[in-house]
>>> print(open('coords.cif').read())   # mmCIF, C-alpha atoms (C1' of nucleotides)
data_run
loop_
_atom_site.label_atom_id
_atom_site.label_comp_id
_atom_site.auth_asym_id
_atom_site.auth_seq_id
_atom_site.Cartn_x
_atom_site.Cartn_y
_atom_site.Cartn_z
CA MET A 159 16.39 -18.66 -12.68
CA ASN A 160 14.83 -19.32 -9.30
CA ILE A 161 11.63 -17.79 -8.08
CA ASP A 162 11.87 -14.35 -6.46
CA ARG A 163 9.11 -14.40 -3.89
CA ARG A 164 8.61 -10.69 -3.98
CA SER A 165 5.61 -11.38 -1.75
CA GLY A 166 3.51 -14.29 -0.52
CA CYS A 167 0.43 -13.15 -2.44
CA PRO A 168 -1.02 -16.03 -4.46
CA ILE A 169 -1.50 -13.93 -7.57
CA ASN A 170 2.02 -12.59 -7.33
CA LEU A 171 3.51 -16.04 -6.87
CA SER A 172 1.53 -17.38 -9.82
CA LEU A 173 2.78 -14.46 -11.84
CA GLU A 174 6.36 -15.23 -10.91
CA VAL A 175 5.82 -18.63 -12.47
CA PHE A 176 4.07 -17.46 -15.66
CA GLY A 177 4.99 -13.79 -15.85
CA ASP A 178 7.09 -14.10 -18.96
CA ARG A 179 6.40 -14.41 -22.64
CA TRP A 180 7.21 -18.07 -23.10
CA SER A 181 6.47 -20.37 -20.17
CA LEU A 182 2.72 -20.58 -20.76
CA ILE A 183 3.24 -20.91 -24.52
CA ILE A 184 5.35 -24.00 -23.93
CA LEU A 185 2.79 -25.45 -21.54
CA ARG A 186 0.01 -24.66 -24.02
CA ASP A 187 1.78 -26.62 -26.75
CA MET A 188 2.41 -29.53 -24.44
CA ILE A 189 -1.16 -29.59 -23.12
CA PHE A 190 -3.17 -28.85 -26.25
CA GLY A 191 -0.68 -29.82 -28.92
CA GLY A 192 0.49 -32.99 -27.22
CA ARG A 193 4.16 -32.14 -27.75
CA ARG A 194 6.69 -33.99 -25.65
CA HIS A 195 10.10 -33.50 -27.33
CA PHE A 196 12.41 -30.52 -27.56
CA ARG A 197 12.29 -30.35 -31.36
CA GLU A 198 8.52 -30.75 -31.43
CA ILE A 199 8.03 -27.75 -29.20
CA LEU A 200 10.75 -25.77 -30.98
CA ASN A 201 9.40 -26.23 -34.48
CA GLY A 202 5.74 -26.67 -33.65
CA SER A 203 4.88 -23.40 -31.97
CA LEU A 204 3.49 -20.67 -34.19
CA GLU A 205 5.26 -18.01 -32.20
CA GLY A 206 8.75 -19.29 -33.02
CA ILE A 207 10.59 -19.70 -29.74
CA ALA A 208 14.40 -19.62 -29.89
CA SER A 209 16.20 -22.80 -28.88
CA ASN A 210 18.19 -21.19 -26.08
CA ILE A 211 15.05 -19.71 -24.55
CA LEU A 212 13.29 -23.05 -24.84
CA ALA A 213 16.16 -24.86 -23.13
CA ASP A 214 16.17 -22.26 -20.37
CA ARG A 215 12.39 -22.43 -19.81
CA LEU A 216 12.26 -26.21 -19.81
CA LYS A 217 14.91 -26.22 -17.10
CA ARG A 218 13.06 -23.57 -15.15
CA LEU A 219 9.72 -25.34 -15.42
CA MET A 220 11.36 -28.52 -14.17
CA GLU A 221 12.86 -26.67 -11.20
CA LEU A 222 9.46 -25.21 -10.40
CA GLY A 223 7.88 -28.66 -10.49
CA LEU A 224 5.69 -28.23 -13.57
CA LEU A 225 7.58 -30.66 -15.79
CA THR A 226 9.62 -33.80 -15.52
CA LYS A 227 12.09 -35.24 -18.00
CA ALA A 228 12.81 -38.84 -18.89
CA ASP A 229 14.76 -40.77 -21.48
CA ASP A 230 12.89 -41.95 -24.53
CA PRO A 231 13.47 -45.73 -24.67
CA SER A 232 13.03 -45.75 -28.46
CA HIS A 233 15.73 -43.20 -29.12
CA LYS A 234 18.84 -42.89 -27.01
CA GLN A 235 19.31 -39.18 -27.22
CA LYS A 236 15.67 -38.20 -27.15
CA ALA A 237 14.18 -36.81 -23.96
CA ILE A 238 10.48 -36.94 -23.13
CA TYR A 239 9.04 -34.10 -21.15
CA SER A 240 5.98 -34.79 -19.03
CA LEU A 241 3.47 -32.55 -17.33
CA THR A 242 3.12 -32.89 -13.58
CA GLU A 243 -0.17 -32.64 -11.71
CA MET A 244 0.78 -29.03 -10.97
CA ALA A 245 0.84 -28.26 -14.67
CA ILE A 246 -2.24 -30.30 -15.50
CA THR A 247 -4.34 -28.26 -13.08
CA LEU A 248 -3.63 -25.22 -15.23
CA VAL A 249 -6.23 -26.40 -17.74
CA PRO A 250 -9.05 -24.28 -16.24
CA ILE A 251 -6.80 -21.21 -16.21
CA MET A 252 -5.86 -21.81 -19.83
CA ALA A 253 -9.55 -22.13 -20.69
CA HIS A 254 -10.37 -18.85 -18.96
CA LEU A 255 -7.42 -17.08 -20.55
CA GLY A 256 -8.50 -18.30 -23.96
CA ALA A 257 -12.09 -17.25 -23.34
CA TRP A 258 -11.03 -13.79 -22.24
CA GLY A 259 -8.74 -13.41 -25.24
CA ARG A 260 -11.51 -14.49 -27.57
CA VAL A 261 -13.74 -11.69 -26.31
CA TRP A 262 -11.24 -8.85 -26.11
CA LEU A 263 -8.37 -9.51 -28.47
CA PRO A 264 -8.03 -9.89 -32.24
CA VAL A 265 -7.90 -13.67 -32.31
CA SER A 266 -7.90 -15.59 -35.57
CA GLU A 267 -10.87 -17.85 -36.25
CA GLU A 268 -8.84 -20.99 -36.86
CA LEU A 269 -6.94 -20.67 -33.63
CA SER A 270 -9.85 -19.65 -31.46
CA ILE A 271 -12.12 -22.56 -32.31
CA ARG A 272 -10.36 -24.70 -29.72
CA ALA A 273 -10.77 -22.06 -27.04
CA GLU A 274 -14.44 -21.85 -27.94
CA LEU A 275 -14.93 -25.59 -27.65
CA LEU A 276 -13.13 -25.62 -24.32
CA GLU A 277 -15.28 -22.76 -23.10
CA LYS A 278 -18.51 -24.41 -24.20
CA GLY A 279 -17.53 -27.71 -22.61
CA GLY A 280 -16.97 -26.05 -19.25
CA GLN A 281 -15.79 -27.76 -16.10
CA PRO A 282 -16.90 -31.29 -17.12
CA LEU A 283 -14.87 -31.14 -20.33
CA TRP A 284 -11.88 -29.70 -18.46
CA GLU A 285 -12.08 -32.57 -15.99
CA GLN A 286 -12.17 -35.10 -18.79
CA PHE A 287 -9.21 -33.42 -20.44
CA MET A 288 -7.20 -33.34 -17.21
CA ASP A 289 -7.98 -37.01 -16.76
CA GLU A 290 -6.69 -37.65 -20.26
CA LEU A 291 -3.50 -35.71 -19.52
CA ARG A 292 -2.96 -37.64 -16.28
CA HIS A 293 -3.27 -40.80 -18.30
CA GLU A 294 -0.77 -39.65 -20.92
CA HIS A 295 1.77 -37.97 -18.67
CA LEU A 296 1.47 -39.61 -15.28
CA GLY A 297 0.47 -43.09 -16.35
CA ALA A 298 -2.73 -42.82 -14.34
CA PRO A 299 -5.58 -45.16 -15.27
CA SER A 300 -8.13 -43.44 -17.45
CA ARG A 301 -11.55 -43.02 -15.89
CA THR A 302 -13.29 -42.23 -19.15
CA PRO A 303 -15.20 -45.11 -20.72
CA ALA A 304 -13.52 -46.84 -23.64
CA GLY A 305 -14.60 -45.55 -27.01
CA THR A 306 -15.11 -41.98 -25.78
CA PRO A 307 -13.26 -39.64 -28.14
CA GLY A 308 -10.34 -37.88 -26.45
CA VAL A 309 -10.65 -34.18 -25.79
CA ARG A 310 -7.47 -33.37 -27.69
CA ALA A 311 -8.80 -35.34 -30.67
CA GLN A 312 -12.01 -33.31 -30.49
CA LEU A 313 -10.05 -30.07 -30.40
CA ARG A 314 -7.96 -31.10 -33.37
CA ALA A 315 -11.02 -32.22 -35.35
CA ALA A 316 -12.75 -28.92 -34.72
CA TYR A 317 -9.65 -27.04 -35.81
CA GLU A 318 -9.31 -29.04 -38.99
CA ALA A 319 -12.99 -28.62 -39.79
CA VAL A 320 -12.61 -24.83 -39.66
CA VAL A 321 -9.48 -24.91 -41.79
CA ALA A 322 -11.23 -27.11 -44.35
CA ARG A 323 -14.33 -24.92 -44.38
CA ASN A 324 -12.25 -21.80 -44.90
CA ALA A 325 -10.29 -23.43 -47.68
CA GLU A 326 -13.61 -24.35 -49.32
CA ALA A 327 -14.90 -20.80 -48.98
CA ALA A 328 -11.67 -19.47 -50.48
CA ARG A 329 -12.00 -21.81 -53.46
CA GLU A 330 -15.53 -20.62 -54.16
CA ARG A 331 -14.46 -17.00 -54.27
CA MET B 195 5.11 -0.77 -26.33
CA ASN B 196 2.44 -2.04 -28.66
CA ILE B 197 1.24 -5.61 -28.86
CA ASP B 198 3.29 -8.01 -31.01
CA ARG B 199 0.68 -10.40 -32.36
CA ARG B 200 3.13 -13.23 -32.73
CA SER B 201 0.04 -15.30 -33.51
CA GLY B 202 -3.74 -15.06 -33.37
CA CYS B 203 -4.02 -17.71 -30.67
CA PRO B 204 -6.23 -16.50 -27.80
CA ILE B 205 -3.84 -17.74 -25.14
CA ASN B 206 -0.89 -16.14 -26.88
CA LEU B 207 -2.67 -12.83 -27.27
CA SER B 208 -3.72 -12.85 -23.63
CA LEU B 209 -0.13 -13.59 -22.73
CA GLU B 210 1.06 -10.64 -24.77
CA VAL B 211 -1.13 -8.49 -22.57
CA PHE B 212 -0.15 -10.01 -19.21
CA GLY B 213 3.09 -11.78 -19.98
CA ASP B 214 5.25 -9.55 -17.84
CA ARG B 215 5.97 -9.22 -14.18
CA TRP B 216 3.97 -6.09 -13.45
CA SER B 217 0.80 -5.57 -15.49
CA LEU B 218 -1.33 -8.03 -13.52
CA ILE B 219 0.12 -6.80 -10.22
CA ILE B 220 -1.07 -3.29 -11.03
CA LEU B 221 -4.51 -4.56 -12.01
CA ARG B 222 -4.66 -6.69 -8.87
CA ASP B 223 -4.02 -3.64 -6.69
CA MET B 224 -6.62 -1.61 -8.55
CA ILE B 225 -9.22 -4.38 -8.44
CA PHE B 226 -8.72 -5.78 -4.95
CA GLY B 227 -6.97 -2.88 -3.27
CA GLY B 228 -9.21 -0.19 -4.72
CA ARG B 229 -6.25 1.97 -5.75
CA ARG B 230 -6.88 4.69 -8.32
CA HIS B 231 -3.89 7.09 -8.12
CA PHE B 232 -0.30 6.78 -9.27
CA ARG B 233 1.17 7.21 -5.79
CA GLU B 234 -1.33 4.79 -4.24
CA ILE B 235 -0.25 2.04 -6.60
CA LEU B 236 3.41 2.95 -6.32
CA ASN B 237 3.59 2.88 -2.52
CA GLY B 238 0.81 0.42 -1.86
CA SER B 239 2.04 -2.69 -3.59
CA LEU B 240 4.00 -5.16 -1.52
CA GLU B 241 6.23 -5.99 -4.44
CA GLY B 242 7.65 -2.49 -4.77
CA ILE B 243 7.24 -1.43 -8.36
CA ALA B 244 9.57 1.28 -9.66
CA SER B 245 7.98 4.53 -10.74
CA ASN B 246 9.24 4.40 -14.31
CA ILE B 247 7.91 0.89 -14.77
CA LEU B 248 4.59 1.92 -13.30
CA ALA B 249 4.34 4.91 -15.64
CA ASP B 250 5.22 2.69 -18.58
CA ARG B 251 2.67 0.01 -17.68
CA LEU B 252 -0.13 2.44 -16.99
CA LYS B 253 0.42 3.91 -20.43
CA ARG B 254 0.52 0.48 -21.97
CA LEU B 255 -2.62 -0.70 -20.20
CA MET B 256 -4.41 2.40 -21.43
CA GLU B 257 -3.29 1.75 -25.00
CA LEU B 258 -4.53 -1.81 -24.71
CA GLY B 259 -7.90 -0.61 -23.46
CA LEU B 260 -7.75 -1.96 -19.92
CA LEU B 261 -7.56 1.39 -18.17
CA THR B 262 -8.73 4.94 -18.67
CA LYS B 263 -7.40 8.10 -17.10
CA ALA B 264 -9.25 11.19 -15.95
CA ASP B 265 -8.51 14.37 -14.03
CA ASP B 266 -9.31 14.38 -10.36
CA PRO B 267 -11.60 17.39 -9.87
CA SER B 268 -10.44 17.77 -6.27
CA HIS B 269 -6.77 18.10 -7.13
CA LYS B 270 -5.47 19.71 -10.29
CA GLN B 271 -2.50 17.47 -10.93
CA LYS B 272 -4.02 14.25 -9.69
CA ALA B 273 -5.10 11.68 -12.22
CA ILE B 274 -7.67 8.99 -11.53
CA TYR B 275 -7.21 5.67 -13.28
CA SER B 276 -10.30 3.59 -13.94
CA LEU B 277 -10.78 -0.01 -14.94
CA THR B 278 -12.61 -0.68 -18.19
CA GLU B 279 -15.05 -3.54 -18.71
CA MET B 280 -12.16 -5.38 -20.35
CA ALA B 281 -10.20 -5.24 -17.10
CA ILE B 282 -13.18 -5.95 -14.87
CA THR B 283 -13.82 -9.24 -16.65
CA LEU B 284 -10.42 -10.42 -15.46
CA VAL B 285 -11.87 -11.08 -12.01
CA PRO B 286 -12.55 -14.79 -12.69
CA ILE B 287 -9.03 -15.23 -14.07
CA MET B 288 -7.58 -13.55 -10.99
CA ALA B 289 -9.66 -15.83 -8.81
CA HIS B 290 -8.40 -18.92 -10.63
CA LEU B 291 -4.81 -17.73 -10.55
CA GLY B 292 -5.08 -17.11 -6.83
CA ALA B 293 -6.66 -20.51 -6.25
CA TRP B 294 -3.94 -22.25 -8.24
CA GLY B 295 -1.22 -20.35 -6.39
CA ARG B 296 -2.77 -21.25 -3.07
CA VAL B 297 -2.52 -24.94 -3.88
CA TRP B 298 0.92 -25.08 -5.44
CA LEU B 299 3.00 -22.16 -4.22
CA PRO B 300 4.31 -21.04 -0.81
CA VAL B 301 1.68 -18.40 -0.18
CA SER B 302 1.48 -16.57 3.13
CA GLU B 303 -1.65 -17.07 5.20
CA GLU B 304 -2.50 -13.39 5.53
CA LEU B 305 -2.33 -12.78 1.82
CA SER B 306 -4.10 -15.92 0.74
CA ILE B 307 -7.22 -15.47 2.83
CA ARG B 308 -8.68 -13.20 0.19
CA ALA B 309 -7.99 -15.70 -2.56
CA GLU B 310 -9.66 -18.34 -0.42
CA LEU B 311 -12.76 -16.23 0.11
CA LEU B 312 -12.95 -15.47 -3.58
CA GLU B 313 -12.60 -19.15 -4.38
CA LYS B 314 -15.28 -20.20 -1.91
CA GLY B 315 -17.67 -17.52 -3.18
CA GLY B 316 -17.37 -18.79 -6.74
CA GLN B 317 -19.07 -17.32 -9.77
CA PRO B 318 -21.88 -15.58 -7.82
CA LEU B 319 -19.41 -13.66 -5.67
CA TRP B 320 -17.32 -12.79 -8.72
CA GLU B 321 -20.41 -11.42 -10.44
CA GLN B 322 -21.26 -9.33 -7.42
CA PHE B 323 -17.70 -8.05 -7.28
CA MET B 324 -17.63 -7.20 -10.98
CA ASP B 325 -20.91 -5.35 -10.50
CA GLU B 326 -19.33 -3.41 -7.66
CA LEU B 327 -16.33 -2.55 -9.85
CA ARG B 328 -18.59 -1.40 -12.69
CA HIS B 329 -20.33 0.86 -10.20
CA GLU B 330 -17.04 2.32 -8.91
CA HIS B 331 -15.19 2.62 -12.20
CA LEU B 332 -17.80 2.96 -14.90
CA GLY B 333 -20.53 4.75 -12.98
CA ALA B 334 -22.93 1.91 -13.67
CA PRO B 335 -25.95 1.60 -11.39
CA SER B 336 -25.41 -1.03 -8.74
CA ARG B 337 -27.67 -4.03 -8.97
CA THR B 338 -26.94 -5.26 -5.47
CA PRO B 339 -29.56 -4.44 -2.86
CA ALA B 340 -28.74 -1.55 -0.52
CA GLY B 341 -27.23 -2.66 2.75
CA THR B 342 -25.38 -5.62 1.21
CA PRO B 343 -21.74 -5.48 2.31
CA GLY B 344 -19.39 -4.86 -0.59
CA VAL B 345 -17.12 -7.67 -1.71
CA ARG B 346 -13.99 -5.60 -1.29
CA ALA B 347 -15.08 -4.74 2.25
CA GLN B 348 -15.58 -8.46 2.94
CA LEU B 349 -12.12 -9.24 1.58
CA ARG B 350 -10.55 -6.54 3.71
CA ALA B 351 -12.43 -7.65 6.83
CA ALA B 352 -11.31 -11.23 6.35
CA TYR B 353 -7.72 -10.09 5.89
CA GLU B 354 -7.80 -7.96 9.01
CA ALA B 355 -9.35 -10.77 11.03
CA VAL B 356 -6.45 -13.06 10.14
CA VAL B 357 -3.89 -10.40 10.95
CA ALA B 358 -5.55 -9.75 14.31
CA ARG B 359 -5.81 -13.47 15.10
CA ASN B 360 -2.14 -13.97 14.30
CA ALA B 361 -1.13 -10.99 16.42
CA GLU B 362 -3.17 -12.49 19.28
CA ALA B 363 -1.50 -15.86 18.85
CA ALA B 364 1.92 -14.20 18.83
CA ARG B 365 1.12 -12.36 22.05
CA GLU B 366 0.14 -15.59 23.79
CA ARG B 367 3.41 -17.25 22.90
"C1'" DG C 93 30.53 -47.55 -44.30
"C1'" DT C 94 29.83 -43.19 -44.96
"C1'" DA C 95 27.18 -39.13 -45.78
"C1'" DT C 96 23.18 -36.90 -44.08
"C1'" DT C 97 19.89 -35.81 -41.01
"C1'" DC C 98 18.17 -35.40 -36.44
"C1'" DC C 99 18.79 -34.96 -31.26
"C1'" DG C 100 18.88 -31.71 -27.18
"C1'" DA C 101 21.12 -28.33 -26.25
"C1'" DT C 102 25.22 -24.35 -25.90
"C1'" DT C 103 27.82 -20.24 -27.34
"C1'" DG C 104 28.56 -15.54 -28.79
"C1'" DC C 105 26.74 -11.27 -29.61
"C1'" DA C 106 23.64 -7.34 -30.54
"C1'" DT C 107 19.33 -5.45 -28.99
"C1'" DT C 108 15.76 -4.72 -25.70
"C1'" DT C 109 13.83 -4.63 -21.24
"C1'" DT C 110 14.26 -4.06 -16.44
"C1'" DG C 111 15.50 -2.18 -11.84
"C1'" DC C 112 17.02 1.53 -9.25
"C1'" DA C 113 18.05 6.19 -7.73
"C1'" DA C 114 17.82 10.79 -8.61
"C1'" DT C 115 15.30 14.39 -10.30
"C1'" DC C 116 11.58 17.43 -12.28
"C1'" DA C 117 8.01 21.08 -12.43
"C1'" DG C 118 3.51 22.07 -10.89
"C1'" DT C 119 0.04 21.87 -6.70
"C1'" DT C 120 -1.43 21.82 -2.16
"C1'" DG C 121 -1.58 22.64 2.86
"C1'" DC C 122 -0.18 25.46 6.31
"C1'" DG D 215 7.14 31.16 1.76
"C1'" DC D 216 8.09 26.57 2.13
"C1'" DA D 217 7.78 21.72 2.90
"C1'" DA D 218 5.30 17.86 1.31
"C1'" DC D 219 3.07 15.69 -2.40
"C1'" DT D 220 1.47 15.13 -7.39
"C1'" DG D 221 2.42 12.22 -11.77
"C1'" DA D 222 5.88 11.41 -14.01
"C1'" DT D 223 11.04 11.54 -16.63
"C1'" DT D 224 16.05 10.75 -17.04
"C1'" DG D 225 20.43 8.29 -16.79
"C1'" DC D 226 22.67 4.25 -16.22
"C1'" DA D 227 23.95 -0.52 -14.99
"C1'" DA D 228 22.31 -5.18 -15.14
"C1'" DA D 229 19.59 -8.75 -16.87
"C1'" DA D 230 16.70 -10.89 -20.35
"C1'" DT D 231 15.74 -11.68 -25.10
"C1'" DG D 232 16.31 -12.79 -30.08
"C1'" DC D 233 19.04 -14.66 -33.50
"C1'" DA D 234 22.42 -17.37 -35.95
"C1'" DA D 235 25.94 -20.52 -35.71
"C1'" DT D 236 27.60 -24.52 -33.72
"C1'" DC D 237 28.34 -28.84 -30.84
"C1'" DG D 238 29.03 -34.01 -30.20
"C1'" DG D 239 26.41 -38.02 -30.22
"C1'" DA D 240 22.84 -41.03 -32.46
"C1'" DA D 241 19.88 -42.64 -35.92
"C1'" DT D 242 18.85 -43.09 -40.89
"C1'" DA D 243 19.46 -43.51 -46.05
"C1'" DC D 244 21.79 -45.57 -49.51
#
>>> encode(input="coords.cif", output="structure tokens")
Amino acid sequence: MNIDRRSGCPINLSLEVFGDRWSLIILRDMIFGGRRHFREILNGSLEGIASNILADRLKRLMELGLLTKADDPSHKQKAIYSLTEMAITLVPIMAHLGAWGRVWLPVSEELSIRAELLEKGGQPLWEQFMDELRHEHLGAPSRTPAGTPGVRAQLRAAYEAVVARNAEAARER
Amino acid sequence: MNIDRRSGCPINLSLEVFGDRWSLIILRDMIFGGRRHFREILNGSLEGIASNILADRLKRLMELGLLTKADDPSHKQKAIYSLTEMAITLVPIMAHLGAWGRVWLPVSEELSIRAELLEKGGQPLWEQFMDELRHEHLGAPSRTPAGTPGVRAQLRAAYEAVVARNAEAARER
DNA sequence: GTATTCCGATTGCATTTTGCAATCAGTTGC
DNA sequence: GCAACTGATTGCAAAATGCAATCGGAATAC
């Protein structure tokens, strides 16, 4: 469960945090999908994580300092998982990973539209998004002016626009 | 051995390429350490990869299109592994991963100096480095002016300077 | 008030992946 | 000829993964 520290190399240590098939998927769903509860992550991810693996990874990510857990006041047995600053600063890495995947791997159009938007937006958009995440997960005051559409809302809107357009195209055929 | 394609999400697909404990380590040693032969990678990495895992991953990375293999003309049973463009474009991701690790994980000073240099250099340095890699691995003409010190040479020099400084400090104690 | 659903897990078990040491046959240097 | 080196392969134990079933407590529907 704990980190190995096979060496003190930064890339190696990062890899010991993410070098498995599920940890980054969970963080992706929390960051971009806004999921905070066990069941949301379990049922929401396209890749279909098993509940025992999810439980194990949530525990591990908490031990590593990427997540925290708190009781949901509205529901006695519900737990809310929050991203820490450590996890929020992964946004640029996620953006790069998505951009690389979009170029070299057989991504689906619907799912890559968000990566594209994130890539186009660049550092300023990532900063705005991280600010938004700090607001949601850490209770930090938002520095974005009121009325500005949230980054996650933009990502979702773009996704839904593609889905709608494709449905339209399918109907015409 | 082959890729799963659990979903067409760019981040997921990228993760199916790197979501293990060794693939990125091997690429790191080839990119930053300049290693091209089986034995060089096997004995050179600090983390101590096993030979069967290395053989397996080299095969896998070739199947995925990140590496190619060629005979070494100087030695009949030696194989030379080369990075493809697909692998070379991982440099920015490596730089980000290293930068993130440097902030959040217990990196050692000697090993993080290279990540620091790469971070400070930013996109221009990454471009120069990728150009250098294309020259070494793809036979592309180098666009950097003659006499310019190579990025890998800079990284090595910085590393050796830290090692020497620390040895000096240890002697004085 | 009671049946049903939902909550975050846990358990058991078969399959797959990993880590490790030993080994291989061909090649090279001497 | 022979030791060292080349890129692997094999056998085996241990760990991780995937999957289905299940748990006790809590909320919800009626």
>>> resolve_selection(input="coords.cif", expression="the PyMOL selection byres ((chain A) within 9 of (chain B))", output="PDB file with C-alpha atoms, in the coordinates of the input")
ATOM      1  CA  ARG A 163       9.110 -14.400  -3.890  1.00  0.00           C
ATOM      2  CA  ARG A 164       8.610 -10.690  -3.980  1.00  0.00           C
ATOM      3  CA  SER A 165       5.610 -11.380  -1.750  1.00  0.00           C
ATOM      4  CA  GLY A 166       3.510 -14.290  -0.520  1.00  0.00           C
ATOM      5  CA  CYS A 167       0.430 -13.150  -2.440  1.00  0.00           C
ATOM      6  CA  PRO A 168      -1.020 -16.030  -4.460  1.00  0.00           C
ATOM      7  CA  ILE A 169      -1.500 -13.930  -7.570  1.00  0.00           C
ATOM      8  CA  ASN A 170       2.020 -12.590  -7.330  1.00  0.00           C
ATOM      9  CA  LEU A 171       3.510 -16.040  -6.870  1.00  0.00           C
ATOM     10  CA  SER A 172       1.530 -17.380  -9.820  1.00  0.00           C
ATOM     11  CA  LEU A 173       2.780 -14.460 -11.840  1.00  0.00           C
ATOM     12  CA  GLU A 174       6.360 -15.230 -10.910  1.00  0.00           C
ATOM     13  CA  PHE A 176       4.070 -17.460 -15.660  1.00  0.00           C
ATOM     14  CA  GLY A 177       4.990 -13.790 -15.850  1.00  0.00           C
ATOM     15  CA  ASP A 178       7.090 -14.100 -18.960  1.00  0.00           C
ATOM     16  CA  ARG A 179       6.400 -14.410 -22.640  1.00  0.00           C
ATOM     17  CA  TRP A 180       7.210 -18.070 -23.100  1.00  0.00           C
ATOM     18  CA  LEU A 182       2.720 -20.580 -20.760  1.00  0.00           C
ATOM     19  CA  ILE A 183       3.240 -20.910 -24.520  1.00  0.00           C
ATOM     20  CA  ARG A 186       0.010 -24.660 -24.020  1.00  0.00           C
ATOM     21  CA  LEU A 204       3.490 -20.670 -34.190  1.00  0.00           C
ATOM     22  CA  GLU A 205       5.260 -18.010 -32.200  1.00  0.00           C
ATOM     23  CA  GLY A 206       8.750 -19.290 -33.020  1.00  0.00           C
ATOM     24  CA  MET A 244       0.780 -29.030 -10.970  1.00  0.00           C
ATOM     25  CA  THR A 247      -4.340 -28.260 -13.080  1.00  0.00           C
ATOM     26  CA  LEU A 248      -3.630 -25.220 -15.230  1.00  0.00           C
ATOM     27  CA  PRO A 250      -9.050 -24.280 -16.240  1.00  0.00           C
ATOM     28  CA  ILE A 251      -6.800 -21.210 -16.210  1.00  0.00           C
ATOM     29  CA  MET A 252      -5.860 -21.810 -19.830  1.00  0.00           C
ATOM     30  CA  ALA A 253      -9.550 -22.130 -20.690  1.00  0.00           C
ATOM     31  CA  HIS A 254     -10.370 -18.850 -18.960  1.00  0.00           C
ATOM     32  CA  LEU A 255      -7.420 -17.080 -20.550  1.00  0.00           C
ATOM     33  CA  GLY A 256      -8.500 -18.300 -23.960  1.00  0.00           C
ATOM     34  CA  ALA A 257     -12.090 -17.250 -23.340  1.00  0.00           C
ATOM     35  CA  TRP A 258     -11.030 -13.790 -22.240  1.00  0.00           C
ATOM     36  CA  GLY A 259      -8.740 -13.410 -25.240  1.00  0.00           C
ATOM     37  CA  ARG A 260     -11.510 -14.490 -27.570  1.00  0.00           C
ATOM     38  CA  VAL A 261     -13.740 -11.690 -26.310  1.00  0.00           C
ATOM     39  CA  TRP A 262     -11.240  -8.850 -26.110  1.00  0.00           C
ATOM     40  CA  LEU A 263      -8.370  -9.510 -28.470  1.00  0.00           C
ATOM     41  CA  PRO A 264      -8.030  -9.890 -32.240  1.00  0.00           C
ATOM     42  CA  VAL A 265      -7.900 -13.670 -32.310  1.00  0.00           C
ATOM     43  CA  SER A 266      -7.900 -15.590 -35.570  1.00  0.00           C
ATOM     44  CA  GLU A 267     -10.870 -17.850 -36.250  1.00  0.00           C
ATOM     45  CA  GLU A 268      -8.840 -20.990 -36.860  1.00  0.00           C
ATOM     46  CA  LEU A 269      -6.940 -20.670 -33.630  1.00  0.00           C
ATOM     47  CA  SER A 270      -9.850 -19.650 -31.460  1.00  0.00           C
ATOM     48  CA  ALA A 273     -10.770 -22.060 -27.040  1.00  0.00           C
TER      49      ALA A 273
END
>>> resolve_selection(input="coords.cif", expression="the PyMOL selection byres ((chain A) within 12 of (chain C))", output="list in words")
Asp178, His195, Phe196, Arg197, Glu198, Ile199, Leu200, Ala208, Ser209, Asn210, Ile211, Leu212, Ala213, Asp214, Leu216, Lys217, Lys227, Asp229, Asp230, His233, Lys234, Gln235, Lys236, Ala237, Ile238 and Tyr239 of chain A
>>> write_last_selection(input="coords.cif", atoms="C-alpha atoms", output="short mmCIF file (atom, residue, chain, number, x, y, z; two decimals), in the frame of the given file")
data_model
loop_
_atom_site.label_atom_id
_atom_site.label_comp_id
_atom_site.auth_asym_id
_atom_site.auth_seq_id
_atom_site.Cartn_x
_atom_site.Cartn_y
_atom_site.Cartn_z
CA ASP A 178 7.09 -14.10 -18.96
CA HIS A 195 10.10 -33.50 -27.33
CA PHE A 196 12.41 -30.52 -27.56
CA ARG A 197 12.29 -30.35 -31.36
CA GLU A 198 8.52 -30.75 -31.43
CA ILE A 199 8.03 -27.75 -29.20
CA LEU A 200 10.75 -25.77 -30.98
CA ALA A 208 14.40 -19.62 -29.89
CA SER A 209 16.20 -22.80 -28.88
CA ASN A 210 18.19 -21.19 -26.08
CA ILE A 211 15.05 -19.71 -24.55
CA LEU A 212 13.29 -23.05 -24.84
CA ALA A 213 16.16 -24.86 -23.13
CA ASP A 214 16.17 -22.26 -20.37
CA LEU A 216 12.26 -26.21 -19.81
CA LYS A 217 14.91 -26.22 -17.10
CA LYS A 227 12.09 -35.24 -18.00
CA ASP A 229 14.76 -40.77 -21.48
CA ASP A 230 12.89 -41.95 -24.53
CA HIS A 233 15.73 -43.20 -29.12
CA LYS A 234 18.84 -42.89 -27.01
CA GLN A 235 19.31 -39.18 -27.22
CA LYS A 236 15.67 -38.20 -27.15
CA ALA A 237 14.18 -36.81 -23.96
CA ILE A 238 10.48 -36.94 -23.13
CA TYR A 239 9.04 -34.10 -21.15
#
>>> resolve_selection(input="coords.cif", expression="the PyMOL selection byres ((chain D) within 10 of (chain B))", output="count of residues only")
6
>>> residues_near_point(input="coords.cif", point="(-15.9, -10.8, -11.1)", cutoff="10 Å", atoms="all atoms listed in the file", output="ChimeraX atom specification")
/B:225,281-289,312,316-328,345
>>> atom_distance(input="coords.cif", atom1="CA of Arg193 (chain A)", atom2="C1' of DC237 (chain D)")
24.6 Å
>>> axis_aligned_box(input="coords.cif", around="region 217-229 of chain A", padding_each_side="8 Å", output="JSON")
{"center_x": 10.3, "center_y": -32.2, "center_z": -15.9, "size_x": 25.2, "size_y": 33.2, "size_z": 27.1}
